[in-house]
$ cat start24.txt   # compact mmCIF, C-alpha atoms
# COMPACT_ATOMS: atom_id res chain seq x y z
CA MET A 1 47.08 49.24 -5.03
CA VAL A 2 49.89 49.78 -2.52
CA LYS A 3 52.14 46.77 -1.96
CA LEU A 4 53.57 46.42 1.51
CA SER A 5 56.99 44.93 2.17
CA THR A 6 57.55 42.09 4.61
CA ARG A 7 58.90 44.55 7.18
CA ALA A 8 55.81 46.72 6.77
CA TRP A 9 53.47 43.76 7.29
CA PHE A 10 55.49 42.69 10.31
CA ALA A 11 55.31 46.19 11.80
CA LEU A 12 51.57 46.33 11.07
CA THR A 13 51.03 43.02 12.85
CA ILE A 14 52.91 44.15 15.96
CA LEU A 15 51.09 47.50 15.88
CA PHE A 16 47.68 45.79 15.73
CA SER A 17 48.54 43.50 18.60
CA LEU A 18 50.14 46.11 20.88
CA THR A 19 47.41 48.67 20.24
CA VAL A 20 44.63 46.26 21.22
CA ILE A 21 46.61 44.99 24.25
CA ILE A 22 47.15 48.57 25.46
CA ILE A 23 43.45 49.35 25.03
CA ILE A 24 42.45 46.19 26.92
CA PHE A 25 44.92 46.89 29.72
CA ALA A 26 43.83 50.54 30.01
CA THR A 27 40.11 49.76 30.05
CA THR A 28 40.43 46.95 32.62
CA PHE A 29 42.98 48.63 34.90
CA ASN A 30 41.77 49.26 38.44
CA GLN A 31 43.15 49.53 41.98
CA GLU A 32 43.58 45.75 42.19
CA THR A 33 45.65 45.44 39.01
CA ILE A 34 48.98 46.43 40.60
CA GLY A 35 48.47 43.80 43.29
CA TYR A 36 47.85 41.13 40.65
CA ILE A 37 51.05 42.11 38.84
CA LEU A 38 53.20 42.03 42.00
CA SER A 39 51.77 38.70 43.17
CA PHE A 40 52.23 36.86 39.86
CA ASN A 41 54.38 33.74 40.26
CA LEU A 42 57.07 33.77 37.55
CA TRP A 43 57.56 30.00 37.89
CA PHE A 44 54.18 29.57 36.24
CA LEU A 45 55.31 31.74 33.32
CA GLY A 46 58.27 29.39 32.87
CA LEU A 47 55.89 26.41 33.03
CA ALA A 48 53.61 28.04 30.43
CA ILE A 49 56.59 28.54 28.11
CA LEU A 50 57.56 24.89 28.65
CA PHE A 51 54.08 23.70 27.64
CA ARG A 52 54.30 25.89 24.54
CA ILE A 53 57.69 24.44 23.57
CA VAL A 54 56.37 20.90 24.13
CA ALA A 55 53.47 21.73 21.81
CA LEU A 56 55.86 22.93 19.09
CA VAL A 57 57.97 19.76 19.40
CA LEU A 58 54.79 17.67 19.11
CA TRP A 59 53.96 19.60 15.93
CA GLY A 60 57.36 18.63 14.55
CA ILE A 61 56.76 14.99 15.54
CA ARG A 62 53.45 15.05 13.65
CA ILE A 63 55.18 16.23 10.47
CA GLN A 64 57.87 13.56 10.89
CA LEU A 65 55.29 10.79 11.37
CA MET A 66 53.17 11.86 8.41
CA SER A 67 56.24 12.19 6.18
CA GLY A 68 57.44 8.76 7.30
CA SER A 69 54.10 7.16 6.41
CA LEU A 70 54.63 8.37 2.82
CA GLY A 71 58.11 6.86 2.73
CA TYR A 72 60.28 9.88 3.58
CA ARG A 73 62.79 10.26 6.40
CA VAL A 74 62.91 13.76 7.82
CA LYS A 75 64.85 14.54 11.00
CA LEU A 76 62.85 15.76 14.00
CA THR A 77 65.12 18.78 14.49
CA TYR A 78 64.51 19.74 10.86
CA CYS A 79 60.73 19.36 11.33
CA VAL A 80 60.72 21.50 14.48
CA ASN A 81 62.79 24.18 12.74
CA MET A 82 60.32 24.37 9.85
CA VAL A 83 57.46 24.70 12.35
CA LEU A 84 59.21 27.63 14.04
CA ALA A 85 60.00 29.31 10.71
CA GLY A 86 56.37 28.84 9.69
CA LEU A 87 55.21 30.56 12.87
CA LEU A 88 57.25 33.64 11.96
CA ALA A 89 55.73 33.71 8.47
CA GLY A 90 52.30 33.29 10.02
CA THR A 91 52.67 36.51 12.00
CA ILE A 92 52.52 38.63 8.82
CA THR A 93 49.79 36.79 6.90
CA PRO A 94 45.99 36.86 7.40
CA GLY A 95 44.75 33.88 9.40
CA GLN A 96 48.39 32.86 9.98
CA ALA A 97 48.28 31.17 6.57
CA GLY A 98 51.90 31.99 5.73
CA GLY A 99 53.24 29.04 7.70
CA GLU A 100 51.88 26.47 5.25
CA PRO A 101 53.99 27.52 2.21
CA VAL A 102 57.09 27.60 4.44
CA ARG A 103 56.52 24.02 5.61
CA VAL A 104 55.84 22.86 2.04
CA HIS A 105 59.08 24.50 0.89
CA GLU A 106 61.08 23.00 3.75
CA LEU A 107 59.68 19.52 3.12
CA TYR A 108 60.59 19.93 -0.55
CA ARG A 109 64.15 20.84 0.51
CA ALA A 110 64.14 17.56 2.49
CA ASN A 111 63.53 15.70 -0.82
CA VAL A 112 59.77 15.33 -0.33
CA LYS A 113 57.85 15.72 -3.60
CA ILE A 114 55.85 18.95 -3.75
CA GLY A 115 52.57 17.07 -4.11
CA ASP A 116 53.38 14.92 -1.06
CA ALA A 117 54.58 17.94 0.93
CA THR A 118 51.37 19.81 0.10
CA ALA A 119 49.28 16.80 1.10
CA ILE A 120 51.10 16.57 4.45
CA VAL A 121 50.49 20.24 5.21
CA ILE A 122 46.83 20.05 4.14
CA MET A 123 46.22 16.92 6.20
CA GLU A 124 47.78 18.73 9.17
CA ARG A 125 44.99 21.28 8.94
CA VAL A 126 42.42 18.53 8.49
CA LEU A 127 43.65 16.76 11.62
CA ASP A 128 43.54 20.06 13.51
CA GLY A 129 39.96 20.53 12.40
CA ILE A 130 38.92 17.00 13.36
CA ILE A 131 40.53 17.16 16.81
CA LEU A 132 39.17 20.65 17.55
CA THR A 133 35.70 19.56 16.44
CA VAL A 134 35.74 16.41 18.59
CA MET A 135 37.09 18.32 21.61
CA GLY A 136 34.53 21.07 21.10
CA ILE A 137 31.62 18.65 20.92
CA LEU A 138 32.75 16.82 24.07
CA LEU A 139 33.18 20.09 25.96
CA MET A 140 29.80 21.40 24.81
CA ILE A 141 28.16 18.20 26.09
CA LEU A 142 29.93 18.53 29.44
CA MET A 143 29.22 22.27 29.74
CA THR A 144 25.74 22.64 28.20
CA GLY A 145 24.14 24.28 31.24
CA TYR A 146 27.17 26.45 31.93
CA ILE A 147 27.37 27.73 28.36
CA GLU A 148 23.69 28.67 28.34
CA SER A 149 24.11 30.60 31.60
CA ILE A 150 27.18 32.67 30.70
CA PHE A 151 26.99 33.25 26.93
CA ASN A 152 25.09 36.29 25.70
CA PRO A 153 23.45 36.29 22.21
CA THR A 154 26.52 37.94 20.62
CA LEU A 155 28.87 35.23 21.86
CA VAL A 156 26.42 32.52 20.77
CA ILE A 157 26.47 33.97 17.24
CA LEU A 158 30.29 34.01 17.38
CA VAL A 159 30.31 30.34 18.38
CA ILE A 160 27.95 29.42 15.54
CA ILE A 161 30.04 31.31 12.95
CA ALA A 162 33.22 29.66 14.23
CA TRP A 163 31.77 26.15 13.96
CA ILE A 164 30.35 26.80 10.46
CA PHE A 165 33.79 27.99 9.32
CA LEU A 166 35.52 24.94 10.80
CA ILE A 167 33.06 22.40 9.42
CA SER A 168 33.14 23.97 5.94
CA PHE A 169 36.93 23.82 6.02
CA LEU A 170 36.79 20.10 6.83
CA ILE A 171 34.36 19.36 4.01
CA ILE A 172 36.74 20.62 1.28
CA PRO A 173 39.47 17.92 1.59
CA VAL A 174 36.80 15.25 2.11
CA LEU A 175 35.20 16.21 -1.21
CA ALA A 176 38.65 16.28 -2.83
CA ILE A 177 39.22 12.66 -1.79
CA LYS A 178 35.72 11.51 -2.74
CA TYR A 179 35.39 13.48 -6.00
CA PRO A 180 38.98 14.04 -7.19
CA GLU A 181 38.20 14.60 -10.88
CA ARG A 182 35.54 17.22 -10.25
CA THR A 183 37.68 18.96 -7.61
CA LYS A 184 40.64 18.97 -10.02
CA ILE A 185 38.53 20.69 -12.67
CA TYR A 186 37.71 23.52 -10.24
CA LEU A 187 41.33 23.80 -9.10
CA MET A 188 42.59 23.97 -12.68
CA ARG A 189 40.06 26.70 -13.42
CA LEU A 190 41.50 28.58 -10.46
CA VAL A 191 45.05 28.08 -11.82
CA HIS A 192 44.01 29.35 -15.27
CA TRP A 193 42.48 32.40 -13.60
CA ILE A 194 45.42 33.17 -11.31
CA ALA A 195 48.40 32.46 -13.61
CA PRO A 196 47.80 35.34 -16.10
CA CYS A 197 47.49 37.74 -13.14
CA LEU A 198 51.09 37.00 -12.20
CA GLY A 199 53.17 39.04 -14.63
CA ARG A 200 56.29 36.93 -14.37
CA PHE A 201 54.31 33.78 -15.23
CA SER A 202 52.16 35.19 -18.04
CA SER A 203 54.71 34.34 -20.72
CA SER A 204 54.77 30.68 -19.71
CA LEU A 205 51.12 29.99 -18.90
CA GLN A 206 51.30 26.54 -20.49
CA SER A 207 54.24 25.42 -18.34
CA VAL A 208 52.51 26.73 -15.21
CA THR A 209 49.28 24.86 -15.94
CA GLU A 210 51.17 21.67 -16.88
CA ARG A 211 53.12 21.81 -13.60
CA ALA A 212 49.91 22.54 -11.67
CA ASP A 213 48.15 19.61 -13.38
CA HIS A 214 51.00 17.27 -12.39
CA GLU A 215 51.23 18.49 -8.79
CA ILE A 216 47.45 18.36 -8.27
CA ASP A 217 47.59 14.70 -9.33
CA ASN A 218 50.41 14.13 -6.81
CA LEU A 219 48.40 15.92 -4.14
CA PHE A 220 45.27 13.83 -4.64
CA GLU A 221 47.34 10.65 -4.79
CA SER A 222 49.02 11.52 -1.49
CA MET A 223 45.72 12.41 0.19
CA THR A 224 44.27 9.10 -0.99
CA ARG A 225 47.32 7.27 0.39
CA PHE A 226 46.72 8.85 3.81
CA THR A 227 43.32 7.20 3.85
CA GLY A 228 44.79 3.94 2.51
CA THR A 229 48.34 2.57 2.71
CA ALA A 230 49.65 5.53 4.72
CA TRP A 231 46.85 5.35 7.29
CA ARG A 232 49.37 5.09 10.14
CA GLY A 233 50.51 8.63 9.45
CA LEU A 234 46.92 9.82 9.79
CA VAL A 235 46.15 7.79 12.93
CA PHE A 236 49.36 8.50 14.85
CA GLY A 237 49.37 12.04 13.49
CA GLY A 238 45.88 12.43 14.96
CA ILE A 239 47.04 11.21 18.38
CA VAL A 240 49.97 13.63 18.37
CA THR A 241 47.63 16.41 17.19
CA ALA A 242 45.40 15.82 20.23
CA LEU A 243 48.45 16.00 22.52
CA PHE A 244 49.60 19.14 20.72
CA TRP A 245 46.31 20.97 21.34
CA ILE A 246 46.11 19.82 24.96
CA SER A 247 49.62 21.17 25.61
CA GLU A 248 48.77 24.37 23.71
CA PHE A 249 45.57 24.95 25.67
CA LEU A 250 47.19 24.32 29.04
CA VAL A 251 49.25 27.51 28.59
CA ALA A 252 46.25 29.70 29.50
CA SER A 253 45.36 27.56 32.53
CA VAL A 254 48.94 27.71 33.84
CA ILE A 255 49.01 31.50 33.50
CA MET A 256 45.73 31.76 35.43
CA MET A 257 47.25 29.62 38.19
CA GLY A 258 50.22 31.99 38.29
CA LEU A 259 47.74 34.82 38.88
CA GLY A 260 46.27 32.94 41.83
CA LEU A 261 43.18 31.57 40.08
CA GLY A 262 42.08 28.03 39.42
CA PRO A 263 43.02 26.38 36.09
CA TYR A 264 39.40 26.34 34.84
CA ILE A 265 40.34 23.47 32.52
CA LEU A 266 36.96 22.88 30.85
CA GLU A 267 36.07 26.55 30.44
CA SER A 268 39.56 27.51 29.28
CA PHE A 269 39.78 24.65 26.78
CA PHE A 270 36.40 25.62 25.33
CA PHE A 271 37.44 29.27 25.01
CA GLN A 272 40.75 28.22 23.45
CA ILE A 273 38.97 26.15 20.80
CA LEU A 274 36.87 29.17 19.81
CA ILE A 275 39.95 31.39 19.75
CA ALA A 276 41.88 28.83 17.64
CA ILE A 277 39.06 28.78 15.09
CA ILE A 278 38.83 32.58 15.04
CA MET A 279 42.60 32.76 14.45
CA MET A 280 42.19 30.63 11.31
CA ILE A 281 39.83 33.18 9.76
CA PRO A 282 41.86 35.54 7.50
CA LEU A 283 40.88 38.88 9.03
CA THR A 284 44.18 40.54 10.05
CA PRO A 285 47.90 39.72 9.65
CA GLY A 286 48.77 36.98 12.13
CA ALA A 287 45.22 37.28 13.49
CA SER A 288 46.62 40.12 15.64
CA GLY A 289 44.11 42.37 17.33
CA VAL A 290 41.26 39.96 16.69
CA THR A 291 42.86 37.32 18.90
CA GLU A 292 43.42 39.73 21.79
CA LEU A 293 39.84 41.03 21.59
CA SER A 294 38.26 37.57 21.47
CA THR A 295 40.51 36.36 24.31
CA SER A 296 39.64 39.27 26.59
CA SER A 297 35.92 38.95 25.79
CA LEU A 298 35.79 35.24 26.55
CA TYR A 299 38.06 35.12 29.60
CA ALA A 300 36.26 38.11 31.13
CA LEU A 301 33.56 35.54 31.93
CA ILE A 302 35.83 33.78 34.45
CA ILE A 303 38.64 36.25 35.27
CA PRO A 304 38.30 39.39 37.46
CA SER A 305 38.17 42.60 35.42
CA GLY A 306 41.41 44.03 36.81
CA MET A 307 43.28 40.88 35.83
CA ILE A 308 42.20 40.66 32.17
CA GLY A 309 44.90 42.96 30.80
CA ILE A 310 47.71 41.12 32.59
CA PHE A 311 46.37 37.76 31.47
CA VAL A 312 46.16 38.82 27.82
CA ILE A 313 49.71 40.27 27.91
CA LEU A 314 51.20 37.10 29.42
CA TRP A 315 49.22 34.72 27.22
CA ARG A 316 50.07 36.58 24.02
CA PHE A 317 53.72 36.75 25.00
CA VAL A 318 53.87 32.95 25.24
CA THR A 319 51.68 32.18 22.21
CA PHE A 320 52.58 35.04 19.85
CA TYR A 321 55.66 37.08 20.73
CA LEU A 322 57.61 33.95 21.60
CA ASN A 323 56.78 32.77 18.05
CA ILE A 324 58.62 35.81 16.70
CA ILE A 325 61.71 35.16 18.83
CA LEU A 326 61.92 31.44 18.05
CA GLY A 327 60.83 31.92 14.44
CA ALA A 328 63.51 34.54 13.81
CA ALA A 329 66.20 32.11 14.97
CA ALA A 330 64.78 29.33 12.79
CA GLY A 331 64.41 31.67 9.82
CA LEU A 332 68.03 32.76 10.17
CA ALA A 333 69.18 29.13 10.05
CA ILE A 334 67.13 28.58 6.88
CA PHE A 335 68.46 31.79 5.34
CA LYS A 336 72.06 30.70 5.91
CA ARG A 337 71.31 27.29 4.41
CA GLU A 338 69.70 28.84 1.33
CA LEU A 339 72.75 31.08 0.80
CA LYS A 340 74.98 28.03 1.00
CA TYR A 341 72.66 26.13 -1.35
CA GLN A 342 72.73 28.93 -3.93
CA LYS A 343 76.51 29.15 -3.65
CA THR A 344 76.91 25.44 -4.47
CA GLU A 345 74.65 25.93 -7.49
CA VAL A 346 76.65 28.90 -8.79
CA GLU A 347 80.15 27.52 -8.19
CA PRO A 348 80.08 24.82 -10.94
CA GLY A 349 79.36 27.56 -13.46
CA LYS A 350 82.34 29.72 -12.44
CA THR A 351 85.14 30.29 -14.89
CA GLY A 352 88.77 30.52 -13.89

$ encode --input "start24.txt" --output "structure tokens"
Amino acid sequence: MVKLSTRAWFALTILFSLTVIIIIFATTFNQETIGYILSFNLWFLGLAILFRIVALVLWGIRIQLMSGSLGYRVKLTYCVNMVLAGLLAGTITPGQAGGEPVRVHELYRANVKIGDATAIVIMERVLDGIILTVMGILLMILMTGYIESIFNPTLVILVIIAWIFLISFLIIPVLAIKYPERTKIYLMRLVHWIAPCLGRFSSSLQSVTERADHEIDNLFESMTRFTGTAWRGLVFGGIVTALFWISEFLVASVIMMGLGLGPYILESFFFQILIAIIMMIPLTPGASGVTELSTSSLYALIIPSGMIGIFVILWRFVTFYLNIILGAAAGLAIFKRELKYQKTEVEPGKTG
């Protein structure tokens, strides 16, 4: 099996995304497209970027609130930086899953126990799932007739698959809280299966399993605390999560306004929920390619054909390529800190 380097995965992600964007732009280009490009209001692009930045700051606030409810003090700037660094890692991992380990590591560096840090990151996903589910249900109630009139059988199947995936994802942590012992047994079986496959850990399987056993206990304890004494972190984290997704979803509406269309708030929010769920499914690195295809397919229902390519380019710039720019800056700051951290560890051992 060929192992790809980080640079190779990064290049593959960009290649997927750019290839699909070029195909979409080429297949939707017509005589009206140039006019749409020339008439686009750049102020709306700036506003879209602002909404995106607000969303990222809200994400950092959520981490800070949830950490605080468990008794830790983590600076907001530190939380936002870990979010940005996680976004960069997410661009090279299927389903954008690479951001979670980065946030766990950064919380650990902020003196948060690994079990607590893992619980915070997991509960972030749970809150995302709850908010997206509630928003989706409300929008489906408000748009029942509209959805039936515009969705073809293929899109209906896509919607059903997306909701099944989301609901199944929500059930897992619920079962972990309700049946911790049984869930721990399955997790430990997974650890026993994975550990020998990692060559560098095979010689210390016992230490790996003992550490896993301890951290799983910490994880379940933290998750239980979120539903008990640390309930404020869950409640206020949920409120901030709702604000985060609203700000995130407004990006597409603002871009449409810049193209001279209406904001289509209800339709756009519903499409964005489906896209957000699709992006969680581990199909391609950073969900690249898949995201562009699903976006163009859904928004083609409300946007003129000649405008689809421009819309996808602008939307992906704000929600994906901006991640790379901001994430690279955040990653560089973390890299410098880690070098300094390693230096302070080595220096006491130096001999004259």

$ closest_residue --input "start24.txt" --among "A:Ile313, A:Ile324, A:Met123, A:Val235" --to "A:Leu18" --atoms "all atoms listed in the file"
A:Ile313

$ residues_around --input "start24.txt" --residues "stretch 57-72 of chain A" --least-positions-apart "3" --cutoff "7 Å" --atoms "all atoms listed in the file" --output "PyMOL selection string"
chain A and resi 53-54+76+79-80+83+112+120+230+232-234+237+240-241+244

$ atom_distance --input "start24.txt" --atom1 "atom CA of A:Leu274" --atom2 "atom CA of A:Tyr36"
26.4 Å

$ atom_distance --input "start24.txt" --atom1 "atom CA of A:Asn323" --atom2 "atom CA of A:Leu139"
27.9 Å

$ residues_around --input "start24.txt" --residues "A:Phe269" --least-positions-apart "2" --cutoff "9 Å" --atoms "all atoms listed in the file" --output "list in words"
Met135, Gly136, Leu139, Ile246, Phe249, Leu250, Ala252, Ser253, Tyr264, Ile265, Leu266, Glu267, Phe271, Gln272, Ile273 and Leu274 of chain A

$ atom_distance --input "start24.txt" --atom1 "atom CA of A:Phe10" --atom2 "atom CA of A:Tyr321"
11.8 Å

$ residues_around --input "start24.txt" --residues "stretch 294-298 of chain A" --least-positions-apart "2" --cutoff "10 Å" --atoms "only C-alpha atoms" --output "ChimeraX atom specification"
/A:21,24-25,28,150-151,155,158,267-268,270-272,274-275,278-279,289-292,300-303,305,308-309,311-312,315-316

$ closest_residue --input "start24.txt" --among "A:Glu181, A:Val174, A:Ile14, A:Ile22" --to "A:Ile130" --atoms "all atoms listed in the file"
A:Val174

$ residues_around --input "start24.txt" --residues "A:Leu47" --least-positions-apart "2" --cutoff "10 Å" --atoms "only C-alpha atoms" --output "list in words"
Leu42, Trp43, Phe44, Leu45, Ile49, Leu50, Phe51, Arg52, Ile53, Leu250, Val251, Val254, Ile255 and Gly258 of chain A

$ closest_residue --input "start24.txt" --among "A:Ala8, A:Val20, A:Ala242, A:Leu314" --to "A:Leu293" --atoms "all atoms listed in the file"
A:Val20

$ closest_residue --input "start24.txt" --among "A:Leu243, A:Val104, A:Ile334, A:Leu259" --to "A:Asp128" --atoms "only C-alpha atoms"
A:Leu243

$ closest_residue --input "start24.txt" --among "A:Tyr78, A:Ile141, A:Glu106, A:Ala119" --to "A:Arg225" --atoms "only C-alpha atoms"
A:Ala119
